[in-house]
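Enquirer: Provided herewith: input.cif, mmCIF, C-alpha atoms.
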```
data_start
loop_
_atom_site.group_PDB
_atom_site.id
_atom_site.type_symbol
_atom_site.label_atom_id
_atom_site.label_comp_id
_atom_site.auth_asym_id
_atom_site.auth_seq_id
_atom_site.Cartn_x
_atom_site.Cartn_y
_atom_site.Cartn_z
ATOM 1 C CA MET A 245 -9.916 20.459 -2.800
ATOM 2 C CA ILE A 246 -12.668 18.056 -3.853
ATOM 3 C CA VAL A 247 -11.694 14.455 -4.569
ATOM 4 C CA ALA A 248 -14.098 12.381 -6.656
ATOM 5 C CA GLY A 249 -13.514 8.775 -5.652
ATOM 6 C CA ALA A 250 -12.658 7.120 -2.344
ATOM 7 C CA GLY A 251 -10.617 4.156 -3.541
ATOM 8 C CA ILE A 252 -7.002 3.558 -2.608
ATOM 9 C CA VAL A 253 -5.787 6.157 -5.130
ATOM 10 C CA GLY A 254 -8.261 8.882 -4.179
ATOM 11 C CA LEU A 255 -7.746 8.313 -0.452
ATOM 12 C CA SER A 256 -3.941 8.234 -0.788
ATOM 13 C CA CYS A 257 -4.053 11.552 -2.634
ATOM 14 C CA ALA A 258 -6.437 13.030 -0.053
ATOM 15 C CA TRP A 259 -4.129 11.949 2.776
ATOM 16 C CA ARG A 260 -1.030 13.428 1.152
ATOM 17 C CA LEU A 261 -2.846 16.664 0.327
ATOM 18 C CA ALA A 262 -4.129 16.977 3.888
ATOM 19 C CA GLN A 263 -0.588 16.457 5.178
ATOM 20 C CA ARG A 264 0.395 19.527 3.151
ATOM 21 C CA GLY A 265 -2.323 21.633 4.733
ATOM 22 C CA GLN A 266 -4.974 21.346 2.025
ATOM 23 C CA LYS A 267 -8.636 21.283 3.011
ATOM 24 C CA VAL A 268 -9.952 18.129 1.347
ATOM 25 C CA THR A 269 -13.446 16.737 0.847
ATOM 26 C CA VAL A 270 -13.901 13.281 -0.702
ATOM 27 C CA TYR A 271 -17.087 12.050 -2.399
ATOM 28 C CA ASP A 272 -17.901 8.508 -3.454
ATOM 29 C CA ALA A 273 -20.906 6.966 -5.157
ATOM 30 C CA ARG A 274 -20.892 3.963 -2.801
ATOM 31 C CA GLU A 275 -19.160 3.066 0.451
ATOM 32 C CA ALA A 276 -15.569 4.266 0.552
ATOM 33 C CA ALA A 277 -13.066 1.733 -0.803
ATOM 34 C CA SER A 278 -15.746 -0.736 -1.863
ATOM 35 C CA GLU A 279 -14.861 -1.158 -5.547
ATOM 36 C CA ALA A 280 -11.548 -2.200 -7.153
ATOM 37 C CA SER A 281 -9.574 -1.448 -3.978
ATOM 38 C CA TRP A 282 -11.749 -3.826 -1.967
ATOM 39 C CA ALA A 283 -11.621 -6.542 -4.631
ATOM 40 C CA GLY A 284 -7.878 -6.512 -5.359
ATOM 41 C CA ALA A 285 -5.595 -9.335 -4.265
ATOM 42 C CA GLY A 286 -2.745 -6.968 -3.371
ATOM 43 C CA MET A 287 0.126 -8.455 -5.351
ATOM 44 C CA LEU A 288 3.031 -6.003 -5.641
ATOM 45 C CA ALA A 289 5.169 -7.493 -8.383
ATOM 46 C CA PRO A 290 6.900 -5.247 -10.934
ATOM 47 C CA GLY A 291 8.599 -8.396 -12.227
ATOM 48 C CA GLY A 292 5.221 -9.609 -13.376
ATOM 49 C CA GLU A 293 4.308 -6.310 -15.044
ATOM 50 C CA CYS A 294 7.469 -4.745 -16.491
ATOM 51 C CA GLU A 295 8.939 -6.201 -19.657
ATOM 52 C CA SER A 296 10.857 -3.209 -21.027
ATOM 53 C CA ASP A 297 12.034 0.265 -20.076
ATOM 54 C CA THR A 298 8.912 2.407 -20.490
ATOM 55 C CA PRO A 299 7.532 5.408 -18.571
ATOM 56 C CA LEU A 300 4.920 3.107 -17.024
ATOM 57 C CA ALA A 301 7.582 0.624 -15.916
ATOM 58 C CA ARG A 302 9.503 3.452 -14.261
ATOM 59 C CA LEU A 303 6.316 4.530 -12.503
ATOM 60 C CA PHE A 304 5.838 0.973 -11.211
ATOM 61 C CA LEU A 305 9.392 0.840 -9.890
ATOM 62 C CA ARG A 306 9.287 4.251 -8.187
ATOM 63 C CA SER A 307 6.056 3.347 -6.415
ATOM 64 C CA PHE A 308 7.363 -0.081 -5.450
ATOM 65 C CA GLU A 309 10.518 1.471 -3.986
ATOM 66 C CA ILE A 310 8.586 3.787 -1.661
ATOM 67 C CA TYR A 311 5.962 1.219 -0.630
ATOM 68 C CA PRO A 312 7.578 0.206 2.692
ATOM 69 C CA GLU A 313 7.888 3.862 3.717
ATOM 70 C CA TYR A 314 4.283 4.538 2.642
ATOM 71 C CA VAL A 315 2.989 1.591 4.692
ATOM 72 C CA GLY A 316 5.094 2.460 7.736
ATOM 73 C CA GLU A 317 4.009 6.102 7.761
ATOM 74 C CA LEU A 318 0.376 5.125 7.258
ATOM 75 C CA GLU A 319 0.518 2.662 10.149
ATOM 76 C CA ARG A 320 2.011 5.312 12.427
ATOM 77 C CA GLU A 321 -0.545 7.987 11.501
ATOM 78 C CA SER A 322 -3.577 5.733 11.620
ATOM 79 C CA GLY A 323 -2.622 3.370 14.433
ATOM 80 C CA CYS A 324 -3.808 0.525 12.177
ATOM 81 C CA SER A 325 -1.869 -2.626 11.352
ATOM 82 C CA ILE A 326 -1.298 -3.388 7.654
ATOM 83 C CA ASP A 327 -0.503 -6.858 6.337
ATOM 84 C CA PHE A 328 2.503 -6.100 4.119
ATOM 85 C CA ARG A 329 5.481 -8.352 3.468
ATOM 86 C CA ARG A 330 8.119 -9.058 0.880
ATOM 87 C CA CYS A 331 7.684 -12.768 0.321
ATOM 88 C CA GLY A 332 9.114 -13.209 -3.170
ATOM 89 C CA GLY A 333 7.335 -14.629 -6.176
ATOM 90 C CA LEU A 334 7.779 -17.627 -8.449
ATOM 91 C CA GLU A 335 6.907 -17.215 -12.123
ATOM 92 C CA ILE A 336 6.364 -20.747 -13.418
ATOM 93 C CA ALA A 337 6.828 -22.204 -16.896
ATOM 94 C CA PHE A 338 4.957 -25.324 -17.943
ATOM 95 C CA THR A 339 7.021 -25.809 -21.123
ATOM 96 C CA ASP A 340 10.559 -25.187 -22.365
ATOM 97 C CA ALA A 341 9.205 -22.488 -24.673
ATOM 98 C CA GLU A 342 7.614 -20.680 -21.725
ATOM 99 C CA ALA A 343 10.877 -21.021 -19.784
ATOM 100 C CA ALA A 344 12.787 -19.406 -22.645
ATOM 101 C CA VAL A 345 10.324 -16.487 -22.619
ATOM 102 C CA LEU A 346 10.847 -16.034 -18.875
ATOM 103 C CA ASP A 347 14.636 -16.017 -19.336
ATOM 104 C CA ARG A 348 14.458 -13.388 -22.081
ATOM 105 C CA ARG A 349 12.153 -11.236 -19.990
ATOM 106 C CA ALA A 350 14.437 -11.562 -16.972
ATOM 107 C CA ALA A 351 17.392 -10.360 -19.056
ATOM 108 C CA ALA A 352 15.432 -7.262 -20.088
ATOM 109 C CA GLN A 353 14.310 -6.676 -16.512
ATOM 110 C CA ARG A 354 17.870 -6.706 -15.192
ATOM 111 C CA VAL A 355 18.420 -3.434 -17.055
ATOM 112 C CA LEU A 356 15.579 -1.970 -14.967
ATOM 113 C CA GLY A 357 17.106 -3.259 -11.735
ATOM 114 C CA ILE A 358 14.528 -6.042 -11.206
ATOM 115 C CA PRO A 359 16.394 -9.039 -9.776
ATOM 116 C CA SER A 360 15.421 -12.635 -10.445
ATOM 117 C CA GLU A 361 17.088 -16.002 -10.503
ATOM 118 C CA SER A 362 16.558 -19.383 -12.096
ATOM 119 C CA ALA A 363 14.530 -21.740 -9.916
ATOM 120 C CA ARG A 364 12.275 -24.764 -9.981
ATOM 121 C CA TYR A 365 8.806 -25.327 -8.603
ATOM 122 C CA ARG A 366 7.764 -28.961 -8.305
ATOM 123 C CA ASN A 367 8.889 -30.336 -11.695
ATOM 124 C CA TRP A 368 8.670 -27.054 -13.596
ATOM 125 C CA PRO A 369 11.306 -24.444 -14.406
ATOM 126 C CA ALA A 370 10.652 -21.038 -12.867
ATOM 127 C CA ARG A 371 12.076 -17.593 -12.153
ATOM 128 C CA PHE A 372 12.197 -16.431 -8.546
ATOM 129 C CA TYR A 373 11.674 -12.708 -7.903
ATOM 130 C CA PRO A 374 12.967 -12.120 -4.351
ATOM 131 C CA ASP A 375 11.573 -8.589 -3.986
ATOM 132 C CA ASP A 376 7.943 -9.381 -4.854
ATOM 133 C CA ALA A 377 5.553 -8.389 -2.077
ATOM 134 C CA ILE A 378 1.919 -8.588 -1.035
ATOM 135 C CA VAL A 379 -0.306 -6.183 0.851
ATOM 136 C CA ASP A 380 -3.893 -6.445 2.021
ATOM 137 C CA PRO A 381 -5.704 -3.614 0.194
ATOM 138 C CA ARG A 382 -8.515 -3.661 2.735
ATOM 139 C CA ASP A 383 -5.988 -2.985 5.497
ATOM 140 C CA ILE A 384 -4.545 -0.118 3.459
ATOM 141 C CA THR A 385 -7.895 1.535 2.765
ATOM 142 C CA HIS A 386 -9.061 1.124 6.370
ATOM 143 C CA ALA A 387 -5.862 2.837 7.526
ATOM 144 C CA LEU A 388 -6.249 5.562 4.899
ATOM 145 C CA LEU A 389 -9.793 6.329 6.006
ATOM 146 C CA THR A 390 -8.601 6.604 9.608
ATOM 147 C CA ALA A 391 -5.576 8.758 8.746
ATOM 148 C CA CYS A 392 -7.628 11.029 6.475
ATOM 149 C CA ARG A 393 -10.293 11.626 9.113
ATOM 150 C CA ARG A 394 -7.646 12.360 11.737
ATOM 151 C CA ARG A 395 -6.328 15.089 9.454
ATOM 152 C CA GLY A 396 -9.767 16.603 8.972
ATOM 153 C CA VAL A 397 -10.620 15.161 5.561
ATOM 154 C CA GLN A 398 -14.396 15.080 5.060
ATOM 155 C CA ILE A 399 -15.583 11.846 3.438
ATOM 156 C CA HIS A 400 -19.074 11.653 1.970
ATOM 157 C CA GLU A 401 -20.253 8.196 0.978
ATOM 158 C CA HIS A 402 -23.228 7.500 -1.327
ATOM 159 C CA GLN A 403 -22.822 11.002 -2.746
ATOM 160 C CA PRO A 404 -21.556 10.716 -6.313
ATOM 161 C CA ILE A 405 -20.160 13.608 -8.281
ATOM 162 C CA LYS A 406 -21.863 13.175 -11.641
ATOM 163 C CA ARG A 407 -20.142 15.996 -13.501
ATOM 164 C CA ILE A 408 -17.637 18.734 -12.726
ATOM 165 C CA PRO A 409 -19.417 22.137 -13.001
ATOM 166 C CA ASP A 410 -17.823 25.042 -14.822
ATOM 167 C CA ASN A 411 -17.418 27.110 -11.659
ATOM 168 C CA HIS A 412 -15.734 24.915 -9.118
ATOM 169 C CA GLU A 413 -12.910 24.756 -6.658
ATOM 170 C CA SER A 414 -9.946 22.500 -7.344
ATOM 171 C CA VAL A 415 -11.019 18.965 -8.144
ATOM 172 C CA LEU A 416 -9.197 15.638 -8.370
ATOM 173 C CA ILE A 417 -10.912 13.002 -10.501
ATOM 174 C CA ALA A 418 -10.031 9.590 -9.064
ATOM 175 C CA ALA A 419 -13.234 7.677 -9.716
ATOM 176 C CA GLY A 420 -11.752 4.589 -11.334
ATOM 177 C CA ALA A 421 -13.734 3.129 -14.212
ATOM 178 C CA TRP A 422 -16.337 5.907 -13.872
ATOM 179 C CA SER A 423 -13.839 8.778 -14.262
ATOM 180 C CA SER A 424 -14.196 9.765 -17.904
ATOM 181 C CA ALA A 425 -17.908 10.524 -17.460
ATOM 182 C CA LEU A 426 -17.098 13.381 -15.069
ATOM 183 C CA HIS A 427 -15.495 15.801 -17.519
ATOM 184 C CA PRO A 428 -15.398 16.104 -21.321
ATOM 185 C CA GLY A 429 -12.232 15.283 -23.189
ATOM 186 C CA LEU A 430 -10.764 12.791 -20.736
ATOM 187 C CA PRO A 431 -9.342 9.455 -21.941
ATOM 188 C CA ARG A 432 -12.187 6.948 -21.999
ATOM 189 C CA THR A 433 -12.381 4.649 -18.999
ATOM 190 C CA MET A 434 -14.157 1.325 -18.796
ATOM 191 C CA PRO A 435 -14.694 -1.472 -16.274
ATOM 192 C CA VAL A 436 -12.685 -4.663 -16.744
ATOM 193 C CA ARG A 437 -14.285 -7.246 -14.494
ATOM 194 C CA GLY A 438 -12.117 -9.740 -12.679
ATOM 195 C CA HIS A 439 -13.146 -12.708 -10.525
ATOM 196 C CA LEU A 440 -11.168 -13.993 -7.540
ATOM 197 C CA ILE A 441 -11.613 -16.944 -5.198
ATOM 198 C CA ALA A 442 -10.146 -17.788 -1.806
ATOM 199 C CA TRP A 443 -9.726 -20.511 0.795
ATOM 200 C CA HIS A 444 -9.129 -20.312 4.548
ATOM 201 C CA LYS A 445 -5.909 -22.275 5.059
ATOM 202 C CA PRO A 446 -3.303 -22.576 7.834
ATOM 203 C CA PRO A 447 -0.951 -19.580 7.771
ATOM 204 C CA GLY A 448 2.370 -20.261 6.097
ATOM 205 C CA LEU A 449 1.078 -22.849 3.643
ATOM 206 C CA LEU A 450 2.241 -20.764 0.663
ATOM 207 C CA PRO A 451 5.472 -18.877 1.430
ATOM 208 C CA HIS A 452 5.747 -17.179 -2.004
ATOM 209 C CA ILE A 453 3.460 -15.784 -4.683
ATOM 210 C CA LEU A 454 2.903 -18.323 -7.465
ATOM 211 C CA ARG A 455 2.223 -17.092 -11.018
ATOM 212 C CA HIS A 456 1.675 -18.635 -14.409
ATOM 213 C CA GLY A 457 0.359 -16.417 -17.164
ATOM 214 C CA HIS A 458 -2.819 -14.771 -15.851
ATOM 215 C CA THR A 459 -3.096 -17.156 -12.904
ATOM 216 C CA TYR A 460 -1.722 -16.328 -9.474
ATOM 217 C CA LEU A 461 -1.879 -17.584 -5.909
ATOM 218 C CA LEU A 462 -0.894 -15.671 -2.790
ATOM 219 C CA GLN A 463 -1.536 -16.116 0.917
ATOM 220 C CA ARG A 464 -2.134 -13.435 3.505
ATOM 221 C CA THR A 465 -0.612 -13.607 6.973
ATOM 222 C CA SER A 466 -4.081 -14.573 8.289
ATOM 223 C CA GLY A 467 -4.010 -17.714 6.145
ATOM 224 C CA LEU A 468 -6.445 -16.519 3.481
ATOM 225 C CA LEU A 469 -5.223 -18.014 0.203
ATOM 226 C CA ILE A 470 -6.366 -16.044 -2.861
ATOM 227 C CA ALA A 471 -6.415 -17.163 -6.495
ATOM 228 C CA GLY A 472 -7.109 -15.066 -9.561
ATOM 229 C CA SER A 473 -8.070 -13.928 -11.988
ATOM 230 C CA THR A 474 -10.139 -13.262 -15.097
ATOM 231 C CA THR A 475 -10.279 -10.408 -17.597
ATOM 232 C CA GLU A 476 -13.860 -9.734 -18.686
ATOM 233 C CA HIS A 477 -15.422 -6.885 -20.641
ATOM 234 C CA ALA A 478 -18.901 -7.227 -19.180
ATOM 235 C CA GLY A 479 -19.772 -3.625 -18.392
ATOM 236 C CA PHE A 480 -20.797 -2.890 -14.823
ATOM 237 C CA ASP A 481 -22.431 -6.294 -14.337
ATOM 238 C CA ARG A 482 -21.615 -7.539 -10.828
ATOM 239 C CA THR A 483 -23.066 -11.039 -11.403
ATOM 240 C CA LEU A 484 -20.789 -13.849 -10.255
ATOM 241 C CA ASP A 485 -19.952 -16.040 -13.227
ATOM 242 C CA GLU A 486 -19.766 -19.664 -12.084
ATOM 243 C CA ASP A 487 -17.864 -20.702 -15.225
ATOM 244 C CA ALA A 488 -15.215 -18.056 -14.543
ATOM 245 C CA ILE A 489 -14.954 -19.200 -10.924
ATOM 246 C CA ALA A 490 -14.571 -22.832 -11.991
ATOM 247 C CA ASP A 491 -11.878 -21.846 -14.501
ATOM 248 C CA ILE A 492 -9.838 -20.033 -11.846
ATOM 249 C CA HIS A 493 -10.195 -23.050 -9.539
ATOM 250 C CA THR A 494 -8.916 -25.379 -12.258
ATOM 251 C CA ARG A 495 -5.960 -23.137 -13.057
ATOM 252 C CA ALA A 496 -5.118 -22.644 -9.375
ATOM 253 C CA ALA A 497 -5.125 -26.400 -8.796
ATOM 254 C CA LEU A 498 -2.477 -26.799 -11.494
ATOM 255 C CA LEU A 499 -0.177 -24.648 -9.357
ATOM 256 C CA LEU A 500 -1.252 -26.115 -5.997
ATOM 257 C CA PRO A 501 -2.849 -29.535 -6.585
ATOM 258 C CA GLU A 502 -4.225 -29.861 -3.037
ATOM 259 C CA LEU A 503 -6.792 -27.205 -3.955
ATOM 260 C CA ALA A 504 -8.449 -29.424 -6.560
ATOM 261 C CA GLU A 505 -10.777 -31.241 -4.154
ATOM 262 C CA HIS A 506 -11.717 -28.196 -2.092
ATOM 263 C CA PRO A 507 -14.335 -25.707 -3.293
ATOM 264 C CA PRO A 508 -13.351 -22.120 -2.531
ATOM 265 C CA ASP A 509 -14.634 -20.607 0.694
ATOM 266 C CA ALA A 510 -15.159 -17.192 -0.906
ATOM 267 C CA ARG A 511 -15.565 -15.762 -4.394
ATOM 268 C CA TRP A 512 -16.071 -12.229 -5.606
ATOM 269 C CA ASN A 513 -15.422 -9.882 -8.505
ATOM 270 C CA GLY A 514 -14.476 -6.271 -9.038
ATOM 271 C CA PHE A 515 -14.086 -3.665 -11.770
ATOM 272 C CA ARG A 516 -10.536 -2.794 -12.704
ATOM 273 C CA PRO A 517 -10.330 0.796 -13.994
ATOM 274 C CA GLY A 518 -9.362 0.319 -17.630
ATOM 275 C CA ILE A 519 -8.345 3.264 -19.795
ATOM 276 C CA GLU A 520 -7.903 3.908 -23.506
ATOM 277 C CA ALA A 521 -4.336 5.133 -23.054
ATOM 278 C CA ALA A 522 -0.873 3.652 -22.627
ATOM 279 C CA GLU A 523 -0.641 4.676 -18.975
ATOM 280 C CA PRO A 524 -2.776 6.140 -16.181
ATOM 281 C CA ALA A 525 -3.995 9.738 -16.392
ATOM 282 C CA ILE A 526 -2.054 11.427 -13.579
ATOM 283 C CA GLY A 527 -1.647 15.193 -13.350
ATOM 284 C CA ARG A 528 -3.285 18.527 -14.058
ATOM 285 C CA ILE A 529 -5.484 19.208 -17.054
ATOM 286 C CA PRO A 530 -3.718 22.225 -18.612
ATOM 287 C CA GLY A 531 -5.500 25.521 -18.127
ATOM 288 C CA THR A 532 -7.879 24.179 -15.478
ATOM 289 C CA SER A 533 -8.031 23.536 -11.746
ATOM 290 C CA ILE A 534 -8.801 19.880 -12.418
ATOM 291 C CA TRP A 535 -6.356 17.082 -11.676
ATOM 292 C CA THR A 536 -6.723 13.429 -12.666
ATOM 293 C CA ALA A 537 -5.568 10.189 -11.062
ATOM 294 C CA PHE A 538 -7.304 7.313 -12.793
ATOM 295 C CA GLY A 539 -6.821 4.503 -15.300
ATOM 296 C CA HIS A 540 -4.465 2.357 -13.206
ATOM 297 C CA TYR A 541 -6.112 -0.834 -14.519
ATOM 298 C CA ARG A 542 -4.799 -3.769 -12.440
ATOM 299 C CA ASN A 543 -2.053 -1.796 -10.692
ATOM 300 C CA GLY A 544 -3.894 0.736 -8.557
ATOM 301 C CA ILE A 545 -2.711 -0.897 -5.337
ATOM 302 C CA LEU A 546 0.904 -0.823 -6.485
ATOM 303 C CA LEU A 547 0.779 2.685 -7.958
ATOM 304 C CA ALA A 548 -1.106 4.449 -5.145
ATOM 305 C CA PRO A 549 1.964 5.777 -3.250
ATOM 306 C CA GLU A 550 3.667 7.337 -6.271
ATOM 307 C CA THR A 551 0.403 8.646 -7.723
ATOM 308 C CA ALA A 552 -0.360 10.411 -4.441
ATOM 309 C CA ARG A 553 3.132 11.889 -4.301
ATOM 310 C CA LEU A 554 2.853 13.233 -7.862
ATOM 311 C CA ILE A 555 -0.600 14.723 -7.277
ATOM 312 C CA ALA A 556 0.345 16.349 -3.978
ATOM 313 C CA GLU A 557 3.466 17.911 -5.502
ATOM 314 C CA SER A 558 1.514 19.202 -8.506
ATOM 315 C CA VAL A 559 -1.340 20.666 -6.482
ATOM 316 C CA CYS A 560 0.873 22.266 -3.860
ATOM 317 C CA SER A 561 3.668 23.535 -6.093
#
```
Taking this structure as input, can you express it in the form of structure tokens?
Expert:
Amino acid sequence: MIVAGAGIVGLSCAWRLAQRGQKVTVYDAREAASEASWAGAGMLAPGGECESDTPLARLFLRSFEIYPEYVGELERESGCSIDFRRCGGLEIAFTDAEAAVLDRRAAAQRVLGIPSESARYRNWPARFYPDDAIVDPRDITHALLTACRRRGVQIHEHQPIKRIPDNHESVLIAAGAWSSALHPGLPRTMPVRGHLIAWHKPPGLLPHILRHGHTYLLQRTSGLLIAGSTTEHAGFDRTLDEDAIADIHTRAALLLPELAEHPPDARWNGFRPGIEAAEPAIGRIPGTSIWTAFGHYRNGILLAPETARLIAESVCS
């Protein structure tokens, strides 16, 4: 099988397919795992994404449930260490009205089995989500590349697939924001640029994820403290926007005031794979030997394990 796209989703699918005895070749237009997977913060927080019982919410929860097993198996196969931990997350309200919204959302989430409890952060009301987790996406993709190669997966970097020919072997389209250009009739994809910033801080400074609206802070085991993000429809422009970076810094300092006087040590952006559909395109195109796994928007890291399971079962059934 040919896989177009070597991000976390494409590589997870390639790994699972190779485990089932498939011969897999992966192509990517740039270096493997150098786009959205490289840029992502790695927050695994269904409580921050799910507000009602929808098919997408169920997909989030299934993938979240199998994440520890996915990470453990990947570590064993690759021999690589992956920074993954369930640290919990605090969703913060700056006003009573925001607190009431959080309480209503928490009541709806209980039906889905997402636990949370009333809490406080500094002087603000909050909801604490004990199951929220973080993972380093760069650890994951490094381990995936190792595990794939050990299973004989061929990975070709700087070799884009520009279009699926009529006569082809089985193909999986997992090219993120570039996916819809590869075959006619697919849901339109588009890049949604997001900026992130980070500081090198002593490990353990931030024990939980902090969130307010579209602002979040999380800290890796190494001490790297990451703040995000922005939502920008700027095409495939990779230019760093200093105003966007300053805005994230200001918002992050509201959550952790000691950051206010310290410029970030790193800043970057990436292209989330947006899609003109209510959920990602995962599965076989009827009547063809083409499968799709794209359009995960800001949840590709979270959804990679379940996407790979669904694709592998469909291809090998």
Enquirer: Once the PyMOL selection byres ((chain A and resi 315) around 12) is applied to the coordinates I shared, what remains selected? I want it as JSON, numbers by chain.
Expert: {"A": [256, 307, 308, 309, 310, 311, 312, 313, 314, 316, 317, 318, 319, 320, 321, 322, 323, 324, 325, 326, 327, 328, 329, 378, 379, 380, 381, 383, 384, 385, 387, 388, 391, 545, 546, 548, 549]}
Enquirer: By how many Å are atom CA of A:Lys406 and atom CA of A:Thr551 apart?
Expert: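 Atom-to-atom, atom CA of A:Lys406 to atom CA of A:Thr551, that is 23.1 Å.
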Enquirer: Extract, using only C-alpha atoms, all DNA, RNA and protein residues at most 10 Å from A:Pro451, discarding same-chain residues fewer than 6 positions from it, and format them as an NGL selection string.
Expert: :A and (331-333 or 462-465)
Enquirer: Restricting the output to C-alpha atoms, write the selected residues as a PDB file, in the frame of the given file.
Expert:
```pdb
ATOM      1  CA  CYS A 331       7.684 -12.768   0.321  1.00  0.00           C
ATOM      2  CA  GLY A 332       9.114 -13.209  -3.170  1.00  0.00           C
ATOM      3  CA  GLY A 333       7.335 -14.629  -6.176  1.00  0.00           C
ATOM      4  CA  LEU A 462      -0.894 -15.671  -2.790  1.00  0.00           C
ATOM      5  CA  GLN A 463      -1.536 -16.116   0.917  1.00  0.00           C
ATOM      6  CA  ARG A 464      -2.134 -13.435   3.505  1.00  0.00           C
ATOM      7  CA  THR A 465      -0.612 -13.607   6.973  1.00  0.00           C
TER       8      THR A 465
END
```
Enquirer: I'd like the residues picked by the PyMOL selection byres ((chain A and resi 284-299) around 7) written out as a list in words, using the chain letters and numbers from the file.
Expert: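 Selected by the PyMOL selection byres ((chain A and resi 284-299) around 7) in this file: Ala280, Ser281, Trp282, Ala283, Leu300, Ala301, Arg302, Leu303, Phe304, Leu305, Arg349, Ala352, Gln353, Leu356, Ile358, Tyr373, Asp376, Ala377, Ile378, Val379, Asp380, Pro381, Ile470, Ile545 and Leu546 of chain A.
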Enquirer: Store the residues of this selection in a file with C-alpha atoms, as a tab-separated table (two decimals), keeping the file's coordinate frame.
Expert:
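What follows is the written file selection_39.tsv:
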```tsv
chain	number	residue	atom	x	y	z
A	280	ALA	CA	-11.55	-2.20	-7.15
A	281	SER	CA	-9.57	-1.45	-3.98
A	282	TRP	CA	-11.75	-3.83	-1.97
A	283	ALA	CA	-11.62	-6.54	-4.63
A	300	LEU	CA	4.92	3.11	-17.02
A	301	ALA	CA	7.58	0.62	-15.92
A	302	ARG	CA	9.50	3.45	-14.26
A	303	LEU	CA	6.32	4.53	-12.50
A	304	PHE	CA	5.84	0.97	-11.21
A	305	LEU	CA	9.39	0.84	-9.89
A	349	ARG	CA	12.15	-11.24	-19.99
A	352	ALA	CA	15.43	-7.26	-20.09
A	353	GLN	CA	14.31	-6.68	-16.51
A	356	LEU	CA	15.58	-1.97	-14.97
A	358	ILE	CA	14.53	-6.04	-11.21
A	373	TYR	CA	11.67	-12.71	-7.90
A	376	ASP	CA	7.94	-9.38	-4.85
A	377	ALA	CA	5.55	-8.39	-2.08
A	378	ILE	CA	1.92	-8.59	-1.03
A	379	VAL	CA	-0.31	-6.18	0.85
A	380	ASP	CA	-3.89	-6.44	2.02
A	381	PRO	CA	-5.70	-3.61	0.19
A	470	ILE	CA	-6.37	-16.04	-2.86
A	545	ILE	CA	-2.71	-0.90	-5.34
A	546	LEU	CA	0.90	-0.82	-6.48
```
Enquirer: Mind giving me the straight-line distance from atom CA of A:Arg364 to atom CA of A:Gly472 in Å, one decimal?
Expert: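 Between these atoms lies a distance of 21.7 Å.
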Enquirer: What does the PyMOL selection byres ((chain A and resi 479-494) around 9) select in this file, as a PyMOL selection string?
Expert: chain A and resi 434-437+439-441+459+471-474+476-478+495-498+503-504+507-508+511-515
Enquirer: Quick one: residues within 9 Å of (-11.8, 6.0, -20.3) (file frame), counting all atoms listed in the file, please, as an MDAnalysis selection string.
Expert: chainID A and resid 421:425 430:435 517:521 538:539
Enquirer: Work out how far apart atom CA of A:Leu500 and atom CA of A:Ala351 are and give it in Å to one decimal.
Expert: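 Here the two named atoms are 27.7 Å from each other.
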Enquirer: Which residues are close to A:Phe338, i.e. within 9 Å by all atoms listed in the file, leaving aside same-chain residues fewer than 6 positions away? Reply as an MDAnalysis selection string.
Expert: chainID A and resid 367:370 456
Enquirer: Show me, as lines of an AutoDock Vina configuration file, the centre and edge lengths in Å to one decimal of the axis-aligned box that covers every listed atom of stretch 405-424 of chain A with 4 Å on each side.
Expert:
```
center_x = -15.5
center_y = 15.1
center_z = -12.3
size_x = 20.7
size_y = 32.0
size_z = 19.2
```
Enquirer: Using only C-alpha atoms, which protein or nucleic acid residues come within 10 Å of A:Ser362? Drop anything in the same chain fewer than 3 positions from it, and give the result as a compact mmCIF listing (two decimals) with C-alpha atoms, keeping the file's coordinate frame.
Expert:
```txt
# COMPACT_ATOMS: atom_id res chain seq x y z
CA LEU A 334 7.78 -17.63 -8.45
CA GLU A 335 6.91 -17.22 -12.12
CA ALA A 343 10.88 -21.02 -19.78
CA LEU A 346 10.85 -16.03 -18.88
CA ASP A 347 14.64 -16.02 -19.34
CA ALA A 350 14.44 -11.56 -16.97
CA PRO A 369 11.31 -24.44 -14.41
CA ALA A 370 10.65 -21.04 -12.87
CA ARG A 371 12.08 -17.59 -12.15
CA PHE A 372 12.20 -16.43 -8.55
CA TYR A 373 11.67 -12.71 -7.90
```
Enquirer: In the coordinates of the file, take the point (-14.4, 16.7, 6.9) and a cut-off of 9 Å; then, counting all atoms listed in the file, name each qualifying protein, DNA or RNA residue as a list of chain:residue names.
Expert: A:Lys267, A:Val268, A:Thr269, A:Val270, A:Cys392, A:Arg393, A:Arg395, A:Gly396, A:Val397, A:Gln398, A:Ile399, A:His400
Enquirer: Would you mind telling me which residue in A:Gly249, A:Ser360, A:Cys257, A:Ile417 lies nearest to A:Leu554 when using all atoms listed in the file?
Expert: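 Checking each candidate against A:Leu554, we get A:Cys257 as the closest.
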Enquirer: Taking the structure in the block just given, could you write stretch 317-330 of chain A with C-alpha atoms, as a short mmCIF file (atom, residue, chain, number, x, y, z; two decimals), in the first residue's frame?
Expert:
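Everything below was put into result_36.cif:
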```cif
data_model
loop_
_atom_site.label_atom_id
_atom_site.label_comp_id
_atom_site.auth_asym_id
_atom_site.auth_seq_id
_atom_site.Cartn_x
_atom_site.Cartn_y
_atom_site.Cartn_z
CA GLU A 317 3.38 -0.72 22.35
CA LEU A 318 5.17 1.91 20.29
CA GLU A 319 7.88 2.30 22.93
CA ARG A 320 8.42 -1.46 23.03
CA GLU A 321 8.61 -1.84 19.24
CA SER A 322 10.80 1.17 18.63
CA GLY A 323 12.97 1.15 21.74
CA CYS A 324 12.32 4.90 21.98
CA SER A 325 11.13 6.77 25.06
CA ILE A 326 7.95 8.85 24.71
CA ASP A 327 7.07 11.72 27.04
CA PHE A 328 3.46 10.84 27.89
CA ARG A 329 1.67 11.47 31.18
CA ARG A 330 -1.77 12.04 32.59
#
```
